[in-house]
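Q: Sending over target08.pdb (PDB, C-alpha atoms).
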```pdb
ATOM      1  CA  MET A 177      72.635 -86.836  37.361
ATOM      2  CA  LYS A 178      73.448 -88.137  33.875
ATOM      3  CA  ILE A 179      73.850 -84.568  32.591
ATOM      4  CA  GLN A 180      76.261 -83.780  35.436
ATOM      5  CA  THR A 181      78.315 -86.855  34.626
ATOM      6  CA  LYS A 182      78.470 -85.851  30.959
ATOM      7  CA  THR A 183      79.463 -82.317  31.893
ATOM      8  CA  TRP A 184      82.265 -83.472  34.175
ATOM      9  CA  GLY A 185      83.351 -85.982  31.554
ATOM     10  CA  GLY A 186      83.511 -83.201  28.983
ATOM     11  CA  ILE A 187      85.519 -80.968  31.294
ATOM     12  CA  GLY A 188      87.885 -83.831  32.039
ATOM     13  CA  ALA A 189      88.330 -84.593  28.339
ATOM     14  CA  GLY A 190      88.927 -80.896  27.644
ATOM     15  CA  ILE A 191      91.628 -80.667  30.324
ATOM     16  CA  MET A 192      93.240 -83.824  28.979
ATOM     17  CA  LEU A 193      93.236 -82.419  25.441
ATOM     18  CA  VAL A 194      94.782 -79.152  26.618
ATOM     19  CA  CYS A 195      97.461 -81.106  28.471
ATOM     20  CA  LEU A 196      98.184 -83.326  25.479
ATOM     21  CA  LEU A 197      98.637 -80.307  23.274
ATOM     22  CA  SER A 198     100.627 -78.378  25.856
ATOM     23  CA  GLY A 199     104.305 -77.862  25.666
ATOM     24  CA  CYS A 200     106.534 -74.868  25.419
ATOM     25  CA  ALA A 201     109.965 -73.899  24.279
ATOM     26  CA  SER A 202     112.161 -71.296  25.861
ATOM     27  CA  ASP A 203     114.129 -68.867  23.713
ATOM     28  CA  MET A 204     117.748 -69.615  22.868
ATOM     29  CA  ASN A 205     119.273 -68.004  25.944
ATOM     30  CA  THR A 206     122.887 -66.901  25.920
ATOM     31  CA  ILE A 207     124.977 -68.608  28.590
ATOM     32  CA  VAL A 208     128.483 -67.792  27.386
ATOM     33  CA  ALA A 209     128.794 -64.655  25.283
ATOM     34  CA  LYS A 210     131.861 -63.752  23.254
ATOM     35  CA  PRO A 211     133.985 -62.036  25.897
ATOM     36  CA  PRO A 212     134.711 -58.378  25.156
ATOM     37  CA  THR A 213     138.310 -57.618  24.208
ATOM     38  CA  ASN A 214     140.320 -56.329  27.182
ATOM     39  CA  ALA A 215     137.549 -57.529  29.492
ATOM     40  CA  GLN A 216     137.619 -56.088  32.972
ATOM     41  CA  LYS A 217     136.552 -58.472  35.739
ATOM     42  CA  LEU A 218     133.979 -57.108  38.159
ATOM     43  CA  GLY A 219     133.706 -60.082  40.518
ATOM     44  CA  HIS A 220     131.907 -63.370  41.043
ATOM     45  CA  VAL A 221     128.113 -63.227  40.782
ATOM     46  CA  GLU A 222     125.269 -65.721  41.042
ATOM     47  CA  GLY A 223     121.636 -65.551  39.978
ATOM     48  CA  THR A 224     118.721 -67.907  40.418
ATOM     49  CA  ALA A 225     115.240 -68.147  38.931
ATOM     50  CA  THR A 226     112.418 -70.633  39.366
ATOM     51  CA  GLY A 227     109.947 -72.014  36.842
ATOM     52  CA  SER A 228     107.017 -74.279  37.654
ATOM     53  CA  ILE A 229     104.567 -76.524  35.853
ATOM     54  CA  LEU A 230     101.209 -76.571  37.614
ATOM     55  CA  LEU A 231      99.008 -79.674  37.203
ATOM     56  CA  ALA A 232     101.512 -81.124  34.734
ATOM     57  CA  CYS A 233     100.634 -78.710  31.951
ATOM     58  CA  ILE A 234     100.397 -75.064  33.064
ATOM     59  CA  PRO A 235     103.784 -73.302  32.900
ATOM     60  CA  ILE A 236     104.536 -70.506  35.358
ATOM     61  CA  GLY A 237     107.845 -68.832  34.610
ATOM     62  CA  GLU A 238     109.032 -72.152  33.184
ATOM     63  CA  ASN A 239     110.162 -70.866  29.808
ATOM     64  CA  SER A 240     112.044 -67.813  31.019
ATOM     65  CA  ARG A 241     113.869 -69.279  34.031
ATOM     66  CA  THR A 242     117.317 -69.562  32.389
ATOM     67  CA  ARG A 243     117.170 -66.059  30.897
ATOM     68  CA  GLN A 244     115.953 -64.691  34.230
ATOM     69  CA  ALA A 245     118.705 -66.451  36.202
ATOM     70  CA  TYR A 246     121.358 -64.989  33.858
ATOM     71  CA  ALA A 247     119.812 -61.516  34.170
ATOM     72  CA  ASN A 248     119.642 -61.858  37.975
ATOM     73  CA  ALA A 249     123.344 -62.728  38.046
ATOM     74  CA  LEU A 250     124.364 -59.824  35.784
ATOM     75  CA  VAL A 251     122.364 -57.249  37.723
ATOM     76  CA  LYS A 252     124.470 -57.957  40.829
ATOM     77  CA  ALA A 253     127.521 -56.372  39.167
ATOM     78  CA  PRO A 254     126.501 -52.914  37.933
ATOM     79  CA  GLY A 255     127.976 -52.227  34.509
ATOM     80  CA  ALA A 256     128.593 -55.885  33.702
ATOM     81  CA  THR A 257     127.834 -56.899  30.132
ATOM     82  CA  ALA A 258     128.683 -60.618  30.184
ATOM     83  CA  LEU A 259     129.741 -63.570  32.310
ATOM     84  CA  THR A 260     132.839 -65.721  31.954
ATOM     85  CA  GLU A 261     133.735 -68.999  33.719
ATOM     86  CA  VAL A 262     130.013 -69.745  33.736
ATOM     87  CA  THR A 263     128.427 -72.623  35.634
ATOM     88  CA  LEU A 264     124.792 -73.697  35.333
ATOM     89  CA  GLN A 265     122.849 -75.977  37.626
ATOM     90  CA  GLU A 266     119.169 -76.910  37.615
ATOM     91  CA  ASP A 267     117.537 -78.416  40.710
ATOM     92  CA  TRP A 268     113.916 -79.529  40.857
ATOM     93  CA  TYR A 269     111.383 -80.388  43.498
ATOM     94  CA  TRP A 270     107.869 -81.761  43.504
ATOM     95  CA  TRP A 271     104.967 -80.313  45.464
ATOM     96  CA  VAL A 272     101.945 -82.577  44.640
ATOM     97  CA  LEU A 273     100.116 -80.079  42.421
ATOM     98  CA  GLY A 274     103.143 -79.478  40.262
ATOM     99  CA  SER A 275     106.901 -79.326  40.137
ATOM    100  CA  SER A 276     109.431 -76.512  40.073
ATOM    101  CA  ARG A 277     112.872 -76.099  38.584
ATOM    102  CA  VAL A 278     115.422 -73.733  40.093
ATOM    103  CA  VAL A 279     118.159 -72.589  37.719
ATOM    104  CA  THR A 280     121.359 -71.211  39.234
ATOM    105  CA  ILE A 281     123.897 -69.450  37.034
ATOM    106  CA  SER A 282     127.183 -68.179  38.383
ATOM    107  CA  GLY A 283     130.332 -66.752  36.879
ATOM    108  CA  GLU A 284     132.791 -63.879  36.715
ATOM    109  CA  SER A 285     131.078 -60.706  35.603
ATOM    110  CA  VAL A 286     133.002 -58.639  33.044
ATOM    111  CA  LYS A 287     132.574 -55.432  31.111
TER     112      LYS A 287
ATOM    113  CA  MET B 151      91.517-100.791  52.230
ATOM    114  CA  SER B 152      91.091 -97.405  53.876
ATOM    115  CA  ILE B 153      94.362 -97.958  55.766
ATOM    116  CA  ARG B 154      96.199 -98.492  52.464
ATOM    117  CA  ILE B 155      94.718 -95.329  50.974
ATOM    118  CA  SER B 156      95.608 -93.384  54.103
ATOM    119  CA  ALA B 157      99.166 -94.724  54.006
ATOM    120  CA  PHE B 158      99.462 -93.785  50.323
ATOM    121  CA  LEU B 159      98.170 -90.258  50.958
ATOM    122  CA  ALA B 160     100.461 -89.922  53.974
ATOM    123  CA  ALA B 161     103.442 -90.977  51.850
ATOM    124  CA  ILE B 162     102.554 -88.361  49.233
ATOM    125  CA  ALA B 163     102.147 -85.706  51.920
ATOM    126  CA  ILE B 164     105.538 -86.581  53.440
ATOM    127  CA  LEU B 165     107.216 -86.450  50.036
ATOM    128  CA  ALA B 166     105.609 -83.084  49.326
ATOM    129  CA  LEU B 167     106.359 -81.621  52.751
ATOM    130  CA  THR B 168     109.968 -82.726  52.632
ATOM    131  CA  GLY B 169     110.338 -81.027  49.267
ATOM    132  CA  PHE B 170     111.027 -84.170  47.276
ATOM    133  CA  GLY B 171     113.418 -83.335  44.497
ATOM    134  CA  CYS B 172     116.894 -83.679  43.066
ATOM    135  CA  ASN B 173     119.927 -81.572  42.334
ATOM    136  CA  GLY B 174     120.960 -81.427  38.713
ATOM    137  CA  ASN B 175     124.555 -81.809  37.561
ATOM    138  CA  LYS B 176     126.520 -78.592  37.598
ATOM    139  CA  VAL B 177     127.753 -77.712  34.112
ATOM    140  CA  GLN B 178     131.030 -75.786  33.881
ATOM    141  CA  PHE B 179     131.272 -73.988  30.535
ATOM    142  CA  ALA B 180     134.819 -73.622  29.280
ATOM    143  CA  ASP B 181     135.982 -70.165  28.243
ATOM    144  CA  ALA B 182     137.731 -69.481  24.971
ATOM    145  CA  GLN B 183     140.530 -66.926  24.630
ATOM    146  CA  ILE B 184     138.953 -64.963  21.853
ATOM    147  CA  ASP B 185     142.155 -63.190  20.746
ATOM    148  CA  LYS B 186     143.817 -66.540  19.985
ATOM    149  CA  LEU B 187     141.007 -67.813  17.764
ATOM    150  CA  ASP B 188     140.574 -67.583  14.026
ATOM    151  CA  LEU B 189     137.175 -65.877  14.002
ATOM    152  CA  SER B 190     136.914 -66.113  10.211
ATOM    153  CA  GLN B 191     136.406 -69.897  10.388
ATOM    154  CA  GLY B 192     133.504 -70.248  12.806
ATOM    155  CA  ARG B 193     130.951 -73.051  12.523
ATOM    156  CA  LYS B 194     127.812 -73.794  14.471
ATOM    157  CA  VAL B 195     127.890 -76.838  16.750
ATOM    158  CA  THR B 196     124.922 -78.366  18.561
ATOM    159  CA  GLY B 197     124.317 -80.877  21.345
ATOM    160  CA  ARG B 198     120.947 -82.270  22.413
ATOM    161  CA  ALA B 199     119.764 -84.407  25.328
ATOM    162  CA  SER B 200     116.396 -85.406  26.761
ATOM    163  CA  GLY B 201     114.991 -86.344  30.122
ATOM    164  CA  LEU B 202     111.635 -87.647  31.363
ATOM    165  CA  HIS B 203     109.889 -86.842  34.622
ATOM    166  CA  LEU B 204     107.878 -90.041  34.955
ATOM    167  CA  PHE B 205     104.532 -89.267  36.617
ATOM    168  CA  GLY B 206     105.990 -85.863  37.405
ATOM    169  CA  VAL B 207     108.151 -87.355  40.158
ATOM    170  CA  ILE B 208     110.618 -89.982  38.944
ATOM    171  CA  PRO B 209     113.538 -88.431  37.053
ATOM    172  CA  ILE B 210     114.910 -90.384  34.096
ATOM    173  CA  GLY B 211     117.862 -88.564  32.578
ATOM    174  CA  VAL B 212     116.495 -85.242  33.812
ATOM    175  CA  ASN B 213     119.263 -84.244  36.209
ATOM    176  CA  GLU B 214     122.175 -84.548  33.805
ATOM    177  CA  ARG B 215     120.569 -83.579  30.498
ATOM    178  CA  GLN B 216     122.334 -80.187  30.323
ATOM    179  CA  SER B 217     125.756 -81.727  30.932
ATOM    180  CA  ARG B 218     125.068 -84.442  28.331
ATOM    181  CA  ALA B 219     123.974 -81.842  25.773
ATOM    182  CA  TYR B 220     127.098 -79.784  26.495
ATOM    183  CA  GLU B 221     129.404 -82.791  26.170
ATOM    184  CA  ARG B 222     127.786 -83.684  22.836
ATOM    185  CA  MET B 223     128.266 -80.141  21.590
ATOM    186  CA  LYS B 224     131.926 -80.209  22.660
ATOM    187  CA  GLY B 225     132.317 -83.552  20.910
ATOM    188  CA  GLU B 226     131.043 -82.002  17.690
ATOM    189  CA  ALA B 227     133.470 -79.102  18.115
ATOM    190  CA  GLY B 228     136.451 -81.467  18.400
ATOM    191  CA  SER B 229     139.673 -79.567  19.045
ATOM    192  CA  ASP B 230     138.072 -76.187  18.282
ATOM    193  CA  TYR B 231     137.125 -73.757  21.020
ATOM    194  CA  VAL B 232     133.452 -72.920  21.547
ATOM    195  CA  THR B 233     132.004 -69.564  22.516
ATOM    196  CA  ASP B 234     128.724 -67.692  22.066
ATOM    197  CA  ILE B 235     126.944 -70.606  23.770
ATOM    198  CA  LYS B 236     123.150 -70.610  23.945
ATOM    199  CA  ILE B 237     120.742 -72.984  25.655
ATOM    200  CA  GLN B 238     117.112 -73.865  24.950
ATOM    201  CA  ASP B 239     114.784 -76.048  26.995
ATOM    202  CA  VAL B 240     111.600 -77.495  25.509
ATOM    203  CA  TRP B 241     109.042 -79.396  27.591
ATOM    204  CA  ARG B 242     106.059 -81.483  26.574
ATOM    205  CA  PHE B 243     103.325 -83.304  28.418
ATOM    206  CA  VAL B 244     103.618 -86.966  27.387
ATOM    207  CA  PHE B 245     100.747 -88.583  29.315
ATOM    208  CA  ILE B 246     103.087 -90.460  31.664
ATOM    209  CA  GLY B 247     104.922 -87.353  32.727
ATOM    210  CA  GLN B 248     106.823 -84.437  31.262
ATOM    211  CA  LYS B 249     109.577 -84.699  28.705
ATOM    212  CA  TYR B 250     112.391 -82.164  28.564
ATOM    213  CA  ASN B 251     114.620 -81.601  25.549
ATOM    214  CA  THR B 252     117.682 -79.446  26.062
ATOM    215  CA  THR B 253     119.583 -78.001  23.106
ATOM    216  CA  ILE B 254     122.926 -76.238  23.495
ATOM    217  CA  THR B 255     124.464 -74.465  20.511
ATOM    218  CA  GLY B 256     127.686 -72.555  20.107
ATOM    219  CA  MET B 257     130.179 -71.257  17.586
ATOM    220  CA  ALA B 258     133.349 -73.325  17.274
ATOM    221  CA  TYR B 259     136.544 -71.589  16.168
ATOM    222  CA  PRO B 260     139.980 -73.065  15.484
ATOM    223  CA  VAL B 261     143.101 -71.583  17.025
ATOM    224  CA  LYS B 262     144.899 -69.094  14.777
ATOM    225  CA  SER B 263     147.637 -70.841  12.844
ATOM    226  CA  SER B 264     150.951 -69.096  13.516
ATOM    227  CA  SER B 265     152.717 -68.080  10.265
ATOM    228  CA  PRO B 266     155.749 -70.332   9.853
ATOM    229  CA  ASN B 267     159.057 -68.430   9.957
ATOM    230  CA  PRO B 268     161.552 -69.311   7.206
ATOM    231  CA  PRO B 269     164.408 -71.339   8.637
ATOM    232  CA  ALA B 270     167.506 -69.284   9.367
ATOM    233  CA  GLN B 271     170.236 -69.572   6.754
ATOM    234  CA  THR B 272     173.521 -71.077   7.788
ATOM    235  CA  MET B 273     176.783 -69.191   7.218
ATOM    236  CA  THR B 274     177.700 -71.534   4.347
ATOM    237  CA  GLN B 275     174.375 -70.881   2.609
ATOM    238  CA  LYS B 276     174.812 -67.123   3.027
ATOM    239  CA  LEU B 277     178.359 -67.256   1.623
ATOM    240  CA  ASP B 278     177.249 -69.429  -1.308
ATOM    241  CA  GLU B 279     174.430 -67.007  -2.122
ATOM    242  CA  LEU B 280     176.790 -64.047  -1.863
ATOM    243  CA  LYS B 281     179.329 -65.741  -4.154
ATOM    244  CA  ALA B 282     176.613 -66.517  -6.687
ATOM    245  CA  LEU B 283     175.641 -62.833  -6.754
ATOM    246  CA  HIS B 284     179.288 -61.815  -7.145
ATOM    247  CA  ASP B 285     179.827 -64.319  -9.962
ATOM    248  CA  LYS B 286     176.779 -62.964 -11.764
ATOM    249  CA  GLY B 287     178.268 -59.489 -11.516
ATOM    250  CA  ALA B 288     175.538 -58.190  -9.245
ATOM    251  CA  LEU B 289     178.141 -57.214  -6.638
ATOM    252  CA  THR B 290     181.470 -55.467  -7.075
ATOM    253  CA  ASP B 291     184.615 -56.917  -5.488
ATOM    254  CA  ALA B 292     184.475 -54.295  -2.744
ATOM    255  CA  GLU B 293     180.809 -54.964  -1.967
ATOM    256  CA  TYR B 294     181.447 -58.692  -2.013
ATOM    257  CA  ASN B 295     184.374 -58.457   0.390
ATOM    258  CA  THR B 296     182.502 -56.149   2.777
ATOM    259  CA  ALA B 297     179.429 -58.407   2.855
ATOM    260  CA  ARG B 298     181.609 -61.512   3.239
ATOM    261  CA  LYS B 299     183.451 -60.009   6.215
ATOM    262  CA  LYS B 300     180.107 -59.106   7.772
ATOM    263  CA  ILE B 301     178.758 -62.668   7.400
ATOM    264  CA  ILE B 302     181.924 -64.186   8.831
ATOM    265  CA  GLY B 303     181.893 -61.617  11.631
ATOM    266  CA  ASP B 304     178.310 -62.554  12.544
TER     267      ASP B 304
END
```
Written as structure tokens, how would this file's structure read?
A:
Amino acid sequence: MKIQTKTWGGIGAGIMLVCLLSGCASDMNTIVAKPPTNAQKLGHVEGTATGSILLACIPIGENSRTRQAYANALVKAPGATALTEVTLQEDWYWWVLGSSRVVTISGESVK
Amino acid sequence: MSIRISAFLAAIAILALTGFGCNGNKVQFADAQIDKLDLSQGRKVTGRASGLHLFGVIPIGVNERQSRAYERMKGEAGSDYVTDIKIQDVWRFVFIGQKYNTTITGMAYPVKSSSPNPPAQTMTQKLDELKALHDKGALTDAEYNTARKKIIGD
């Protein structure tokens, strides 16, 4: 029984240490690029992406959510190379075992 | 005691099932008219803001951290226009929750200064200049009279 307690204590301490050392940074993601000269508007587009942190310290798509949302918006206008008139919104929700953040990026696609 | 625990667990379940969460502030990034900017005088500007998710649930400065970071970056840019805007989000576990640091950077450019046009000369100034040239011998009488008639005719 004592060995089991020590084992669980060790596992708990290990998880705590991992959590304390955890943390991540996303890349510097472009939100507003220099618009191309003589830009041609292709229409309004919107893209979303979700990132989650499981058990307060395990990231799932958390660090790439902004880049992914921008890419999801661009892909809706074939040929588009950038967005102008950009808006960004991040909503979050909690689901007991973790929390998620939904990034929405919208704007006028141009090429 | 068991009733209290049950009530607590029920409250957590309700919060989870109802998708407890918040909407963040929408950030509208201003566009810069690139052809009107002096691209030779760009400088990097940065804005930072943090937020804490206390116990993973209670938001403290989380929902508006992007808009605060953007406003700070614009404040650093002053009257210059900002483009090439990038965003970075860093999160850390801080024992009582998760801390988020948002950094927004951009390149600030001033508007091209229009080259000042020399003020138009008045008729008197033109005539005085013409007379000075004639007096110096740079213009013949015929050239002087022709130019003078042209100035007066204008």
Q: Need the shell around Gly219 (chain A): protein/DNA/RNA residues with any atom at most 8 Å away, counting all atoms listed in the file. Skip same-chain ones fewer than 3 positions apart. Format as a compact mmCIF listing (two decimals) with C-alpha atoms, keeping the file's coordinate frame?
A:
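So the final result, stored in part_22.txt, reads:
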```txt
# COMPACT_ATOMS: atom_id res chain seq x y z
CA ALA A 253 127.52 -56.37 39.17
CA GLU A 284 132.79 -63.88 36.72
CA SER A 285 131.08 -60.71 35.60
CA VAL A 286 133.00 -58.64 33.04
```
Q: For the file shown, what are the residues hit by the ChimeraX specification (/B :<9) & /A, laid out as an NGL selection string?
A: :A and (192 or 195-213 or 232-233 or 239 or 242 or 260-272 or 274-275)
Q: Restricting the calculation to all atoms listed in the file, which member of A:Ile234, A:Leu273, A:Ala256, A:Val278 is positioned closest to Lys217 (chain A)?
A: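 Among the listed residues, A:Ala256 lies closest to Lys217 (chain A).
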Q: Please measure the separation of CA of Lys287 (chain A) and CA of Tyr231 (chain B), giving the value in Å to one decimal.
A: 21.4 Å
Q: Interatomic distance between CA of Gly223 (chain A) and CA of Ala219 (chain B)?
A: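 Pair CA of Gly223 (chain A) / CA of Ala219 (chain B) returns 21.7 Å.
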Q: Would you mind reading off the distance between CA of Thr280 (chain A) and CA of Val251 (chain A), one decimal, in Å?
A: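 Value for the CA of Thr280 (chain A)-CA of Val251 (chain A) distance: 14.1 Å.
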Q: Could you write out as AutoDock Vina command-line options the box around region 177-182 of chain B (axis-aligned, all atoms listed in the file, 3 Å on each side), with centre and edge lengths in Å to one decimal?
A:
```
--center_x 132.7 --center_y -73.6 --center_z 29.5 --size_x 16.0 --size_y 14.2 --size_z 15.1
```
Q: Applying 8 Å and all atoms listed in the file, which residues near Leu250 (chain A) remain after dropping the ones on its own chain fewer than 2 positions away? List them as a PDB file with C-alpha atoms, in the coordinates of the input.
A:
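Written out: result34.pdb:
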```pdb
ATOM      1  CA  VAL A 221     128.113 -63.227  40.782  1.00  0.00           C
ATOM      2  CA  GLU A 222     125.269 -65.721  41.042  1.00  0.00           C
ATOM      3  CA  GLY A 223     121.636 -65.551  39.978  1.00  0.00           C
ATOM      4  CA  TYR A 246     121.358 -64.989  33.858  1.00  0.00           C
ATOM      5  CA  ALA A 247     119.812 -61.516  34.170  1.00  0.00           C
ATOM      6  CA  ASN A 248     119.642 -61.858  37.975  1.00  0.00           C
ATOM      7  CA  LYS A 252     124.470 -57.957  40.829  1.00  0.00           C
ATOM      8  CA  ALA A 253     127.521 -56.372  39.167  1.00  0.00           C
ATOM      9  CA  PRO A 254     126.501 -52.914  37.933  1.00  0.00           C
ATOM     10  CA  ALA A 256     128.593 -55.885  33.702  1.00  0.00           C
ATOM     11  CA  THR A 257     127.834 -56.899  30.132  1.00  0.00           C
ATOM     12  CA  ALA A 258     128.683 -60.618  30.184  1.00  0.00           C
ATOM     13  CA  LEU A 259     129.741 -63.570  32.310  1.00  0.00           C
ATOM     14  CA  SER A 285     131.078 -60.706  35.603  1.00  0.00           C
TER      15      SER A 285
END
```
Q: For each of A:Arg241, A:Gly255, A:Trp184, A:Ala249, take the minimum atom-to-atom distance to His220 (chain A), counting all atoms listed in the file, then give the residue where this is smallest.
A: A:Ala249
Q: Would you kindly translate the PyMOL selection byres ((chain A and resi 228) around 9) into the concrete residues it picks from this file, as an NGL selection string?
A: :A and (226-227 or 229-230 or 234-238 or 274-278)
Q: Considering all atoms listed in the file, state which residue in the set B:Thr274, B:Ser200, B:Ser190, B:Ser156 is at the smallest distance from Ile302 (chain B).
A: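 Answer, going by the shortest atom-to-atom distance: B:Thr274.
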